[in-house]
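Trainee: What follows is the file data_34.cif, containing mmCIF, C-alpha atoms:
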data_entry
loop_
_atom_site.label_atom_id
_atom_site.label_comp_id
_atom_site.auth_asym_id
_atom_site.auth_seq_id
_atom_site.Cartn_x
_atom_site.Cartn_y
_atom_site.Cartn_z
CA GLY A 655 30.19 -30.90 -3.97
CA LEU A 656 33.87 -30.58 -3.05
CA PHE A 657 36.75 -31.36 -5.38
CA VAL A 658 40.47 -30.96 -4.53
CA TRP A 659 43.17 -31.33 -7.15
CA PRO A 660 46.74 -30.85 -5.78
CA LEU A 661 49.47 -29.99 -8.27
CA ARG A 662 52.86 -28.72 -7.01
CA ASN A 663 51.70 -26.48 -4.19
CA THR A 664 48.71 -25.53 -6.34
CA SER A 665 45.17 -26.59 -5.56
CA VAL A 666 41.71 -25.97 -6.94
CA GLN A 667 38.75 -26.04 -4.52
CA ILE A 668 35.23 -25.93 -5.90
CA PRO A 669 32.64 -26.02 -3.11
CA CYS A 670 29.34 -25.41 -4.92
CA GLN A 671 29.67 -21.98 -6.50
CA PHE A 672 32.99 -20.91 -4.97
CA VAL A 673 36.29 -21.21 -6.88
CA GLN A 674 39.68 -20.34 -5.42
CA LEU A 675 43.03 -20.68 -7.15
CA TYR A 676 46.21 -20.07 -5.19
CA HIS A 677 49.92 -20.72 -5.58
CA VAL A 678 52.95 -20.02 -3.40
CA ALA A 679 55.78 -18.45 -5.38
CA ASN A 680 58.81 -16.81 -3.78
CA LYS A 681 57.01 -16.78 -0.41
CA ARG A 682 54.15 -14.81 -1.95
CA LEU A 683 50.54 -15.95 -2.02
CA ILE A 684 48.81 -15.24 -5.33
CA THR A 685 45.02 -15.62 -5.08
CA PHE A 686 42.10 -15.39 -7.46
CA GLN A 687 38.61 -16.04 -6.07
CA TYR A 688 35.21 -16.28 -7.65
CA CYS A 689 32.19 -16.50 -5.36
CA ASN A 690 28.45 -16.45 -6.06
CA ILE A 691 26.28 -15.93 -2.93
CA LEU A 692 22.64 -14.79 -3.01
CA LYS A 693 22.90 -13.71 -6.64
CA ARG A 694 25.99 -11.59 -5.87
CA MET A 695 29.41 -12.32 -7.36
CA TYR A 696 32.64 -11.33 -5.60
CA VAL A 697 36.12 -11.31 -7.06
CA THR A 698 39.35 -10.67 -5.13
CA GLN A 699 42.85 -10.45 -6.51
CA CYS A 700 46.02 -10.56 -4.39
CA LYS A 701 43.91 -9.57 -1.37
CA ARG A 702 43.98 -5.95 -2.56
CA ASP A 703 40.50 -5.11 -3.81
CA LEU A 704 36.98 -6.48 -3.77
CA SER A 705 34.57 -6.14 -6.66
CA GLN A 706 30.92 -7.13 -6.83
CA ARG A 707 28.41 -7.83 -9.56
CA ALA A 708 24.74 -8.25 -8.66
CA LYS A 709 22.62 -10.32 -11.04
CA PRO A 710 18.98 -9.30 -10.54
CA LYS A 711 16.19 -11.78 -11.04
CA SER A 712 14.08 -11.51 -14.14
CA ASP A 713 11.01 -9.31 -13.77
CA SER A 714 8.68 -11.63 -15.61
CA ILE A 715 8.30 -15.39 -15.71
CA VAL A 716 9.57 -16.68 -19.01
CA SER A 717 7.96 -19.69 -20.60
CA PRO A 718 10.03 -22.88 -20.94
CA PHE A 719 9.85 -22.72 -24.74
CA HIS A 720 11.38 -19.27 -24.71
CA GLU A 721 14.14 -20.48 -22.38
CA LEU A 722 14.96 -23.33 -24.72
CA GLN A 723 15.21 -20.89 -27.62
CA GLN A 724 17.59 -18.72 -25.63
CA LEU A 725 19.73 -21.72 -24.72
CA ASP A 726 20.00 -22.65 -28.38
CA GLN A 727 21.05 -19.13 -29.29
CA GLU A 728 23.78 -18.91 -26.64
CA LYS A 729 27.34 -19.50 -27.74
CA LYS A 730 29.35 -22.38 -26.38
CA VAL A 731 32.91 -21.44 -25.43
CA VAL A 732 35.68 -23.99 -24.83
CA HIS A 733 38.54 -22.82 -22.63
CA LYS A 734 41.98 -24.25 -23.07
CA ILE A 735 43.82 -25.05 -19.84
CA SER A 736 47.48 -24.23 -20.01
CA PRO A 737 49.87 -27.02 -18.92
CA VAL A 738 51.36 -26.93 -15.44
CA SER A 739 55.02 -26.05 -15.19
CA PRO A 740 57.49 -28.79 -14.22
CA VAL A 741 58.29 -29.36 -10.57
CA HIS A 742 61.91 -28.23 -10.82
CA GLN A 743 61.07 -24.98 -12.61
CA SER A 744 61.24 -21.85 -10.42
CA TRP A 745 58.57 -19.19 -10.53
CA SER A 746 59.60 -15.60 -10.88
CA GLY A 747 57.60 -12.54 -9.91
CA THR A 748 56.92 -11.72 -13.58
CA SER A 749 55.59 -15.19 -14.39
CA SER A 750 53.36 -15.08 -11.33
CA ARG A 751 51.81 -11.82 -12.47
CA ASN A 752 51.36 -13.19 -16.00
CA GLU A 753 49.57 -16.28 -14.65
CA LEU A 754 47.33 -14.10 -12.52
CA ARG A 755 46.34 -12.01 -15.52
CA GLU A 756 45.64 -15.15 -17.56
CA MET A 757 43.42 -16.62 -14.84
CA LYS A 758 41.53 -13.34 -14.44
CA SER A 759 40.97 -12.99 -18.18
CA ALA A 760 39.78 -16.61 -18.39
CA ALA A 761 37.26 -16.04 -15.61
CA GLU A 762 36.03 -12.82 -17.23
CA THR A 763 35.62 -14.67 -20.53
CA GLU A 764 33.58 -17.36 -18.79
CA ASP A 765 31.33 -14.74 -17.19
CA SER A 766 30.79 -13.08 -20.54
CA VAL A 767 28.91 -16.09 -21.95
CA ILE A 768 25.53 -14.37 -21.82
CA PRO A 769 23.04 -13.26 -24.45
CA VAL A 770 24.27 -10.44 -26.64
CA GLY A 771 21.42 -8.11 -25.68
CA ALA A 772 22.18 -8.39 -21.97
CA GLU A 773 26.00 -8.31 -22.24
CA SER A 774 26.39 -4.57 -21.90
CA LYS A 775 23.91 -4.48 -19.03
CA GLU A 776 25.76 -7.20 -17.09
CA CYS A 777 29.15 -5.57 -17.67
CA ARG A 778 27.92 -2.26 -16.35
CA GLN A 779 26.94 -3.91 -13.07
CA TRP A 780 30.52 -4.68 -12.04
CA ARG A 781 31.56 -2.19 -9.40
CA GLU A 782 33.87 -1.88 -6.46
CA MET A 783 32.18 -2.19 -3.06
CA LYS A 784 32.91 1.21 -1.56
CA LEU A 785 30.34 3.13 0.48
CA ARG A 786 30.26 6.81 -0.39
CA LEU A 787 29.11 9.27 2.25
CA ASP A 788 26.92 11.03 -0.31
CA ASP A 789 24.91 7.84 -0.86
CA LEU A 790 24.58 7.00 2.84
CA PRO A 791 21.47 9.15 3.59
CA GLY A 792 19.51 7.60 0.72
CA ILE A 793 20.57 4.08 1.71
CA LEU A 794 19.57 4.62 5.34
CA ALA A 795 16.26 6.11 4.21
CA ARG A 796 15.50 2.93 2.26
CA LEU A 797 16.69 0.81 5.17
CA SER A 798 14.29 2.55 7.54
CA LYS A 799 11.41 2.52 5.00
CA ILE A 800 11.04 6.26 5.16
CA LYS A 801 7.58 6.33 3.54
CA LEU A 802 6.19 3.83 6.03
CA THR A 803 7.84 5.78 8.86
CA ALA A 804 6.17 8.98 7.62
CA LEU A 805 2.79 7.21 7.69
CA VAL A 806 3.43 6.01 11.26
CA VAL A 807 4.37 9.52 12.41
CA SER A 808 1.31 11.03 10.70
CA THR A 809 -1.06 8.59 12.44
CA ALA A 810 0.63 9.30 15.79
CA SER A 811 0.20 13.03 15.10
CA ALA A 812 -3.49 12.44 14.39
CA GLY A 813 -3.87 10.71 17.74
CA PHE A 814 -2.16 13.64 19.47
CA ALA A 815 -4.39 16.15 17.68
CA MET A 816 -7.59 14.25 18.55
CA ALA A 817 -6.81 14.18 22.27
CA PRO A 818 -9.21 16.38 24.31
CA VAL A 819 -6.46 18.58 25.79
CA PRO A 820 -4.90 21.90 24.78
CA PHE A 821 -2.24 21.53 22.08
CA GLU A 822 1.35 21.66 23.36
CA LEU A 823 3.96 22.12 20.64
CA THR A 824 7.01 20.88 22.57
CA CYS A 825 5.34 17.64 23.61
CA PHE A 826 4.04 17.14 20.06
CA LEU A 827 7.52 17.51 18.52
CA LEU A 828 9.11 15.18 21.06
CA ALA A 829 6.41 12.54 20.54
CA SER A 830 6.68 12.75 16.75
CA LEU A 831 10.49 12.52 16.79
CA GLY A 832 10.52 9.59 19.23
CA THR A 833 7.85 7.73 17.27
CA GLY A 834 9.77 8.25 14.02
CA LEU A 835 13.04 6.98 15.52
CA ALA A 836 11.31 3.92 16.95
CA SER A 837 9.76 3.17 13.54
CA CYS A 838 13.15 3.51 11.81
CA ALA A 839 14.69 1.05 14.28
CA ALA A 840 11.91 -1.52 13.83
CA ASN A 841 12.04 -1.35 10.02
CA SER A 842 15.84 -1.69 9.98
CA ILE A 843 15.78 -4.77 12.22
CA ASN A 844 13.03 -6.24 10.05
CA GLN A 845 15.17 -5.91 6.91
CA PHE A 846 18.18 -7.35 8.74
CA PHE A 847 16.25 -10.54 9.54
CA GLU A 848 14.69 -10.94 6.08
CA VAL A 849 17.72 -10.64 3.77
CA PRO A 850 17.62 -14.28 2.50
CA PHE A 851 13.89 -14.05 1.81
CA ASP A 852 13.91 -10.55 0.32
CA SER A 853 16.50 -11.68 -2.23
CA ASN A 854 13.91 -14.02 -3.79
CA MET A 855 11.22 -11.35 -4.27
CA ASN A 856 11.12 -8.84 -7.08
CA ARG A 857 9.58 -6.21 -4.81
CA THR A 858 12.38 -6.38 -2.22
CA LYS A 859 15.43 -7.58 -4.15
CA ASN A 860 16.84 -4.03 -4.41
CA ARG A 861 16.86 -3.32 -0.69
CA PRO A 862 20.23 -2.09 0.65
CA LEU A 863 21.13 -5.21 2.63
CA VAL A 864 20.12 -7.53 -0.21
CA ARG A 865 22.27 -5.67 -2.72
CA GLY A 866 25.17 -5.43 -0.29
CA GLN A 867 25.22 -1.64 -0.28
CA ILE A 868 25.84 -1.63 3.48
CA SER A 869 27.06 -4.25 5.88
CA PRO A 870 24.73 -5.98 8.36
CA LEU A 871 26.81 -4.51 11.20
CA LEU A 872 26.09 -0.99 9.98
CA ALA A 873 22.37 -1.79 9.74
CA VAL A 874 22.29 -3.09 13.32
CA CYS A 875 24.23 -0.06 14.58
CA PHE A 876 21.81 2.27 12.77
CA ALA A 877 18.84 0.46 14.32
CA ALA A 878 20.35 0.75 17.79
CA SER A 879 21.22 4.43 17.29
CA CYS A 880 17.56 5.09 16.39
CA GLY A 881 15.76 2.77 18.79
CA ILE A 882 17.55 3.60 22.04
CA PRO A 883 17.30 7.42 21.74
CA GLY A 884 13.74 7.13 20.42
CA ILE A 885 12.49 5.11 23.39
CA ALA A 886 14.45 7.29 25.81
CA LEU A 887 12.94 10.41 24.26
CA LEU A 888 9.40 9.03 24.54
CA THR A 889 9.95 7.87 28.13
CA LEU A 890 11.80 10.86 29.56
CA GLY A 891 10.60 13.66 27.29
CA VAL A 892 6.92 12.66 26.98
CA ASN A 893 5.75 10.12 29.57
CA PRO A 894 6.61 6.51 30.57
CA LEU A 895 3.35 5.12 29.15
CA THR A 896 4.16 6.34 25.63
CA GLY A 897 7.72 5.02 25.94
CA ALA A 898 6.45 1.61 27.03
CA LEU A 899 4.07 1.49 24.07
CA GLY A 900 6.93 2.38 21.70
CA ALA A 901 9.20 -0.34 23.10
CA PHE A 902 6.37 -2.87 22.97
CA ASN A 903 5.66 -1.99 19.35
CA ILE A 904 9.30 -2.53 18.34
CA PHE A 905 9.26 -5.92 20.08
CA LEU A 906 5.94 -6.88 18.50
CA TYR A 907 7.10 -5.93 14.99
CA THR A 908 10.56 -7.50 15.07
CA CYS A 909 10.14 -10.54 17.34
CA CYS A 910 6.52 -11.53 16.65
CA TYR A 911 5.33 -10.21 13.29
CA THR A 912 8.57 -10.81 11.36
CA PRO A 913 8.97 -14.55 12.16
CA LEU A 914 5.21 -15.15 11.91
CA LYS A 915 5.28 -14.08 8.26
CA ARG A 916 6.85 -17.46 7.41
CA MET A 917 4.81 -19.53 9.87
CA SER A 918 1.13 -18.58 9.91
CA ILE A 919 -1.41 -16.24 8.34
CA ALA A 920 -1.94 -14.84 11.85
CA ASN A 921 0.91 -12.46 11.00
CA THR A 922 -1.62 -10.16 9.30
CA TRP A 923 -3.59 -9.68 12.52
CA VAL A 924 -0.39 -9.14 14.52
CA GLY A 925 0.81 -6.62 11.95
CA ALA A 926 -2.52 -4.79 12.20
CA VAL A 927 -1.97 -4.42 15.96
CA VAL A 928 1.48 -2.95 15.22
CA GLY A 929 -0.09 -0.37 12.92
CA ALA A 930 -2.83 0.46 15.43
CA ILE A 931 -0.46 1.40 18.27
CA PRO A 932 1.00 4.71 16.85
CA PRO A 933 -2.27 6.71 17.12
CA ILE A 934 -2.67 5.34 20.65
CA MET A 935 0.85 6.60 21.39
CA GLY A 936 -0.11 10.04 20.12
CA TRP A 937 -3.17 10.10 22.39
CA THR A 938 -1.20 8.95 25.46
CA ALA A 939 1.52 11.50 24.69
CA ALA A 940 -1.06 14.29 24.95
CA THR A 941 -3.17 13.01 27.85
CA GLY A 942 -0.88 10.63 29.74
CA SER A 943 -3.68 8.06 30.00
CA LEU A 944 -5.18 5.28 27.94
CA ASP A 945 -8.79 6.32 27.31
CA ALA A 946 -11.64 5.05 25.15
CA GLY A 947 -10.78 7.62 22.48
CA ALA A 948 -7.30 6.14 22.09
CA LEU A 949 -8.77 2.66 21.64
CA LEU A 950 -11.22 3.99 19.04
CA LEU A 951 -8.42 5.55 17.00
CA GLY A 952 -6.45 2.34 17.28
CA GLY A 953 -9.51 0.37 16.13
CA ILE A 954 -9.91 2.57 13.04
CA LEU A 955 -6.26 2.03 12.09
CA TYR A 956 -6.60 -1.69 12.86
CA SER A 957 -9.58 -2.17 10.53
CA TRP A 958 -8.16 0.06 7.79
CA GLN A 959 -5.04 -2.08 7.42
CA PHE A 960 -6.93 -5.19 6.27
CA PRO A 961 -8.37 -3.78 3.03
CA HIS A 962 -5.11 -1.90 2.49
CA PHE A 963 -2.74 -4.85 2.94
CA ASN A 964 -4.97 -7.63 1.63
CA ALA A 965 -5.51 -5.72 -1.61
CA LEU A 966 -1.76 -5.09 -1.87
CA SER A 967 -0.80 -8.71 -1.17
CA TRP A 968 -3.30 -9.99 -3.76
CA GLY A 969 -1.21 -8.55 -6.57
CA LEU A 970 2.00 -9.87 -4.99
CA ARG A 971 0.97 -13.48 -4.47
CA GLU A 972 3.72 -14.86 -6.71
CA ASP A 973 6.35 -12.79 -4.93
CA TYR A 974 5.20 -13.81 -1.46
CA SER A 975 5.06 -17.47 -2.51
CA ARG A 976 8.58 -17.27 -3.94
CA GLY A 977 9.84 -15.64 -0.75
CA GLY A 978 8.26 -18.30 1.47
CA TYR A 979 5.81 -16.00 3.27
CA CYS A 980 2.51 -17.29 4.66
CA MET A 981 -0.02 -14.72 3.49
CA MET A 982 -3.79 -15.03 3.26
CA SER A 983 -3.67 -14.14 -0.43
CA VAL A 984 -1.41 -17.17 -1.05
CA THR A 985 -2.78 -19.87 1.25
CA HIS A 986 -6.38 -18.69 1.90
CA PRO A 987 -7.49 -16.46 -1.00
CA GLY A 988 -11.18 -16.65 -0.10
CA LEU A 989 -10.51 -15.63 3.51
CA CYS A 990 -8.32 -12.78 2.26
CA ARG A 991 -11.22 -11.23 0.34
CA ARG A 992 -13.79 -11.84 3.12
CA VAL A 993 -11.62 -10.24 5.81
CA ALA A 994 -11.02 -7.18 3.63
CA LEU A 995 -14.76 -6.71 3.10
CA ARG A 996 -15.60 -7.20 6.78
CA HIS A 997 -13.19 -4.51 7.92
CA CYS A 998 -14.38 -2.11 5.23
CA LEU A 999 -17.84 -2.40 6.79
CA ALA A 1000 -16.33 -2.15 10.28
CA LEU A 1001 -15.06 1.33 9.43
CA ILE A 1002 -18.67 2.50 9.15
CA GLY A 1003 -19.50 1.18 12.61
CA LEU A 1004 -16.34 2.62 14.19
CA SER A 1005 -17.10 6.03 12.73
CA ALA A 1006 -20.57 5.89 14.29
CA VAL A 1007 -19.10 5.10 17.72
CA ALA A 1008 -16.99 8.29 17.82
CA PRO A 1009 -19.83 10.67 18.85
CA VAL A 1010 -21.14 8.10 21.34
CA LEU A 1011 -17.77 8.25 23.14
CA ASP A 1012 -17.97 12.06 23.07
CA ILE A 1013 -14.90 12.36 20.81
CA THR A 1014 -16.56 14.00 17.80
CA THR A 1015 -19.88 15.58 16.99
CA TRP A 1016 -22.69 13.69 15.31
CA THR A 1017 -21.76 15.26 11.97
CA PHE A 1018 -18.70 13.00 11.71
CA PRO A 1019 -20.59 9.73 10.96
CA ILE A 1020 -22.71 11.58 8.39
CA ILE A 1021 -19.81 13.29 6.58
CA SER A 1022 -17.61 10.18 6.66
CA LEU A 1023 -20.40 7.89 5.42
CA PRO A 1024 -19.81 8.49 1.66
CA ILE A 1025 -16.10 7.64 1.75
CA ASN A 1026 -16.75 4.65 4.01
CA LEU A 1027 -19.46 3.40 1.68
CA TYR A 1028 -17.17 3.84 -1.32
CA ILE A 1029 -14.34 1.78 0.17
CA SER A 1030 -16.92 -0.81 1.23
CA TYR A 1031 -18.19 -0.95 -2.36
CA LEU A 1032 -14.64 -1.51 -3.63
CA GLY A 1033 -14.18 -4.18 -0.93
CA PHE A 1034 -17.30 -5.92 -2.22
CA ARG A 1035 -15.99 -5.72 -5.79
CA PHE A 1036 -12.73 -7.26 -4.63
CA TYR A 1037 -14.63 -10.02 -2.80
CA ARG A 1038 -16.83 -10.76 -5.82
CA ASP A 1039 -14.38 -10.44 -8.74
CA ALA A 1040 -11.15 -11.63 -7.07
CA ASP A 1041 -8.93 -10.13 -9.78
CA ARG A 1042 -6.00 -7.77 -9.91
CA SER A 1043 -8.06 -4.87 -11.21
CA SER A 1044 -10.44 -4.83 -8.23
CA SER A 1045 -7.59 -5.32 -5.73
CA ARG A 1046 -5.64 -2.45 -7.29
CA LYS A 1047 -8.64 -0.11 -7.04
CA LEU A 1048 -9.19 -1.04 -3.41
CA PHE A 1049 -5.52 -0.50 -2.58
CA PHE A 1050 -5.33 2.95 -4.18
CA CYS A 1051 -8.61 3.93 -2.51
CA SER A 1052 -7.15 3.01 0.88
CA LEU A 1053 -4.24 5.40 0.28
CA TRP A 1054 -6.47 8.49 0.25
CA HIS A 1055 -9.26 7.11 2.44
CA LEU A 1056 -7.28 7.11 5.70
CA PRO A 1057 -5.92 10.70 5.60
CA LEU A 1058 -9.32 12.00 4.47
CA LEU A 1059 -11.11 10.11 7.24
CA LEU A 1060 -8.70 11.42 9.89
CA LEU A 1061 -9.04 14.96 8.52
CA VAL A 1062 -12.85 14.80 8.71
CA MET A 1063 -12.57 13.37 12.20
CA PHE A 1064 -10.35 16.25 13.28
CA THR A 1065 -12.68 18.88 11.84
CA CYS A 1066 -15.62 17.30 13.71
CA LYS A 1067 -13.69 16.99 16.97
CA LYS A 1068 -15.39 18.34 20.07
CA SER A 1069 -13.55 21.38 21.36
CA VAL A 1070 -12.04 21.61 24.82
CA LEU A 1071 -14.43 24.44 25.75
CA GLU A 1072 -17.46 22.25 25.07
CA LYS A 1073 -16.11 19.55 27.37
CA GLU A 1074 -15.39 22.09 30.10
CA ASP A 1075 -18.96 23.43 29.86
CA LYS A 1076 -20.22 19.89 30.47
CA GLY A 1077 -18.09 19.65 33.62
CA ASP A 1078 -15.49 17.33 32.06
CA PRO A 1079 -12.07 18.99 32.42
CA PRO A 1080 -9.57 18.11 29.68
CA GLY A 1081 -6.97 16.73 32.03
CA GLY A 1082 -8.77 13.44 32.68
CA SER A 1083 -9.56 11.58 35.86
CA HIS A 1084 -6.22 12.39 37.50
CA GLU A 1085 -6.82 16.14 37.34
CA ARG A 1086 -10.42 15.68 38.48
CA ALA A 1087 -9.16 13.82 41.54
CA LEU A 1088 -6.69 16.60 42.30
CA GLY A 1089 -9.50 19.16 41.93
CA ILE A 1090 -11.59 17.32 44.47
CA ARG A 1091 -8.76 17.27 47.01
CA LEU A 1092 -8.02 20.98 46.62
CA PRO A 1093 -10.11 23.33 48.83
#
I'd like the structure from this file rewritten - as structure tokens, please.
Mentor:
Amino acid sequence: GLFVWPLRNTSVQIPCQFVQLYHVANKRLITFQYCNILKRMYVTQCKRDLSQRAKPKSDSIVSPFHELQQLDQEKKVVHKISPVSPVHQSWSGTSSRNELREMKSAAETEDSVIPVGAESKECRQWREMKLRLDDLPGILARLSKIKLTALVVSTASAGFAMAPVPFELTCFLLASLGTGLASCAANSINQFFEVPFDSNMNRTKNRPLVRGQISPLLAVCFAASCGIPGIALLTLGVNPLTGALGAFNIFLYTCCYTPLKRMSIANTWVGAVVGAIPPIMGWTAATGSLDAGALLLGGILYSWQFPHFNALSWGLREDYSRGGYCMMSVTHPGLCRRVALRHCLALIGLSAVAPVLDITTWTFPIISLPINLYISYLGFRFYRDADRSSSRKLFFCSLWHLPLLLLVMFTCKKSVLEKEDKGDPPGGSHERALGIRLP
């Protein structure tokens, strides 16, 4: 609501959770503001400084009986409002400063009406909003989701290493750097769009933009400074096909997957396509063409993401529901478990296709069968039990399953010499065509 109370050039405006007191004295504006936006409180005084206190959400859901007990234990404080000075009385600079101190102390007293156990914790959270250069690298690392970016770069490197061409270090470094910059840009834009929703989730409430550690303008500038050089590096330094795939992946992640998370459970399938493109980019960076081997690597990453993410989202159903996200674990729990099991079994079939496409030897399906059977067993346990314990085991298994599977695939890769002996030069169809034209 809105309430205005004019008293001798003094007014009080209370729109919802915003309070502003101001008075004109000796042509000087004295201001005290209290604002609560997205669980963050801001206080300004005389337009000189800005302080912030973030009130995090509780980690656990408290029962209503416990809340009633806490309400009974809280102290009730009655504040006395000092009378307003007469109209004819003049305000001096000293009296203005005294009134400002009184208003600030009254507001601080009102904020201090919290349980005794949490008082010291709340007081310690008041801080001035100043960005230190020493903290900037860590903040930008969290903004770009550095762990997820490292996973994207590692899968792109696996695609480059599996390509049936001689290894070229310069091209590999350029492709890895461009892929990493593109991933940083996509993750930063994703966090920029999801600030109101991340503030309602315990898992994401401490992200830099939610806590106000950096401004949205700085986040957008960081995303642009990563995305534009990254795509240019992939296009000019590697090849246009890899650059086009990188640009398409940024668009797919930010403009399709991010809004779909609040609209339909189809976001999981779109997100799986986003995760499947980096190994394809690694393959195209090495060969310059989109072959069946690139699609196979993308299919392995595509299927792996369903047991990985569905098991993760099962333990975060309350968080996703509170944030307003449409996830299978929230709206279709049975489908969530079935899809995870299906793609666990699909990994066995995809591993068997690798030697058929002449990418690996026939030892790869045999060596990879135990780990594929184990993750399929955990997927079946998750489908049957539908509890947090089975989902947690499946999630942690997926963390070591993918790097181990890619490592086994690399060790069973067919060498370039074997392909040359069979009359299949490593350069692909383009080089074969050039060889036919040459005398």
Trainee: Carefully work through the PyMOL selection byres ((chain A and resi 898-904) around 9) for this structure and note down the residues it includes, as a VMD selection string.
Mentor: chain A and resid 832 to 833 836 to 837 839 to 841 881 884 to 885 888 to 889 893 to 897 905 to 909 927 to 929 931 to 932 934 to 935
Trainee: Can you tell me how far CA of Cys1051 (chain A) sits from CA of Tyr974 (chain A), in Å to one decimal?
Mentor: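 Value for the CA of Cys1051 (chain A)-CA of Tyr974 (chain A) distance: 22.5 Å.
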Trainee: So the first atom is CA of Leu1032 (chain A) and the second is CA of Phe1050 (chain A); what is the distance between them in Å, to one decimal place?
Mentor: 10.3 Å
Trainee: Between A:Leu887, A:Val874, A:Ala930, A:Leu970, which one has atoms that come closest to Thr858 (chain A), using all atoms listed in the file?
Mentor: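 Distance minimum relative to Thr858 (chain A) lands on A:Leu970.
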Trainee: Neighbours of Arg971 (chain A) within 9 Å (all atoms listed in the file; same-chain residues fewer than 6 positions away dropped), as a list in words?
Mentor: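 Residues near the query, excluding close chain neighbours: Met981, Ser983 and Val984 of chain A.
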Trainee: Quick one: which residues end up in the PyMOL selection byres ((chain A and resi 1066) around 8) for this structure, as a list in words?
Mentor: Thr1014, Thr1015, Thr1017, Phe1018, Val1062, Met1063, Phe1064, Thr1065, Lys1067 and Lys1068 of chain A
Trainee: Could you expand the PyMOL selection byres ((chain A and resi 957) around 12) into the explicit residues it covers here, written as a ChimeraX atom specification?
Mentor: /A:922-923,925-927,929-930,950-956,958-964,993-1005,1026,1030,1052,1056
Trainee: For C-alpha atoms, I'd like the residues from the last selection saved as a PDB file, in the coordinates of the input.
Mentor:
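Written out: part_21.pdb:
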ATOM      1  CA  THR A 922      -1.620 -10.160   9.300  1.00  0.00           C
ATOM      2  CA  TRP A 923      -3.590  -9.680  12.520  1.00  0.00           C
ATOM      3  CA  GLY A 925       0.810  -6.620  11.950  1.00  0.00           C
ATOM      4  CA  ALA A 926      -2.520  -4.790  12.200  1.00  0.00           C
ATOM      5  CA  VAL A 927      -1.970  -4.420  15.960  1.00  0.00           C
ATOM      6  CA  GLY A 929      -0.090  -0.370  12.920  1.00  0.00           C
ATOM      7  CA  ALA A 930      -2.830   0.460  15.430  1.00  0.00           C
ATOM      8  CA  LEU A 950     -11.220   3.990  19.040  1.00  0.00           C
ATOM      9  CA  LEU A 951      -8.420   5.550  17.000  1.00  0.00           C
ATOM     10  CA  GLY A 952      -6.450   2.340  17.280  1.00  0.00           C
ATOM     11  CA  GLY A 953      -9.510   0.370  16.130  1.00  0.00           C
ATOM     12  CA  ILE A 954      -9.910   2.570  13.040  1.00  0.00           C
ATOM     13  CA  LEU A 955      -6.260   2.030  12.090  1.00  0.00           C
ATOM     14  CA  TYR A 956      -6.600  -1.690  12.860  1.00  0.00           C
ATOM     15  CA  TRP A 958      -8.160   0.060   7.790  1.00  0.00           C
ATOM     16  CA  GLN A 959      -5.040  -2.080   7.420  1.00  0.00           C
ATOM     17  CA  PHE A 960      -6.930  -5.190   6.270  1.00  0.00           C
ATOM     18  CA  PRO A 961      -8.370  -3.780   3.030  1.00  0.00           C
ATOM     19  CA  HIS A 962      -5.110  -1.900   2.490  1.00  0.00           C
ATOM     20  CA  PHE A 963      -2.740  -4.850   2.940  1.00  0.00           C
ATOM     21  CA  ASN A 964      -4.970  -7.630   1.630  1.00  0.00           C
ATOM     22  CA  VAL A 993     -11.620 -10.240   5.810  1.00  0.00           C
ATOM     23  CA  ALA A 994     -11.020  -7.180   3.630  1.00  0.00           C
ATOM     24  CA  LEU A 995     -14.760  -6.710   3.100  1.00  0.00           C
ATOM     25  CA  ARG A 996     -15.600  -7.200   6.780  1.00  0.00           C
ATOM     26  CA  HIS A 997     -13.190  -4.510   7.920  1.00  0.00           C
ATOM     27  CA  CYS A 998     -14.380  -2.110   5.230  1.00  0.00           C
ATOM     28  CA  LEU A 999     -17.840  -2.400   6.790  1.00  0.00           C
ATOM     29  CA  ALA A1000     -16.330  -2.150  10.280  1.00  0.00           C
ATOM     30  CA  LEU A1001     -15.060   1.330   9.430  1.00  0.00           C
ATOM     31  CA  ILE A1002     -18.670   2.500   9.150  1.00  0.00           C
ATOM     32  CA  GLY A1003     -19.500   1.180  12.610  1.00  0.00           C
ATOM     33  CA  LEU A1004     -16.340   2.620  14.190  1.00  0.00           C
ATOM     34  CA  SER A1005     -17.100   6.030  12.730  1.00  0.00           C
ATOM     35  CA  ASN A1026     -16.750   4.650   4.010  1.00  0.00           C
ATOM     36  CA  SER A1030     -16.920  -0.810   1.230  1.00  0.00           C
ATOM     37  CA  SER A1052      -7.150   3.010   0.880  1.00  0.00           C
ATOM     38  CA  LEU A1056      -7.280   7.110   5.700  1.00  0.00           C
TER      39      LEU A1056
END
Trainee: So the first atom is CA of Ser967 (chain A) and the second is CA of Ala878 (chain A); what is the distance between them in Å, to one decimal place?
Mentor: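 These two atoms are separated by 29.9 Å.
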Trainee: So which residues touch Asn854 (chain A) within 8 Å, counting all atoms listed in the file, skipping near sequence neighbours fewer than 4 positions away, as a short mmCIF file (atom, residue, chain, number, x, y, z; two decimals) with C-alpha atoms, keeping the file's coordinate frame?
Mentor:
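And here is the file that came out, result-v1.cif:
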data_model
loop_
_atom_site.label_atom_id
_atom_site.label_comp_id
_atom_site.auth_asym_id
_atom_site.auth_seq_id
_atom_site.Cartn_x
_atom_site.Cartn_y
_atom_site.Cartn_z
CA LYS A 711 16.19 -11.78 -11.04
CA PRO A 850 17.62 -14.28 2.50
CA THR A 858 12.38 -6.38 -2.22
CA LYS A 859 15.43 -7.58 -4.15
CA ASP A 973 6.35 -12.79 -4.93
CA ARG A 976 8.58 -17.27 -3.94
CA GLY A 977 9.84 -15.64 -0.75
#
Trainee: Ranking A:Pro987, A:Gln845, A:Arg786, A:Val892 by minimum distance to Ser943 (chain A) and counting all atoms listed in the file, which one comes first?
Mentor: A:Val892
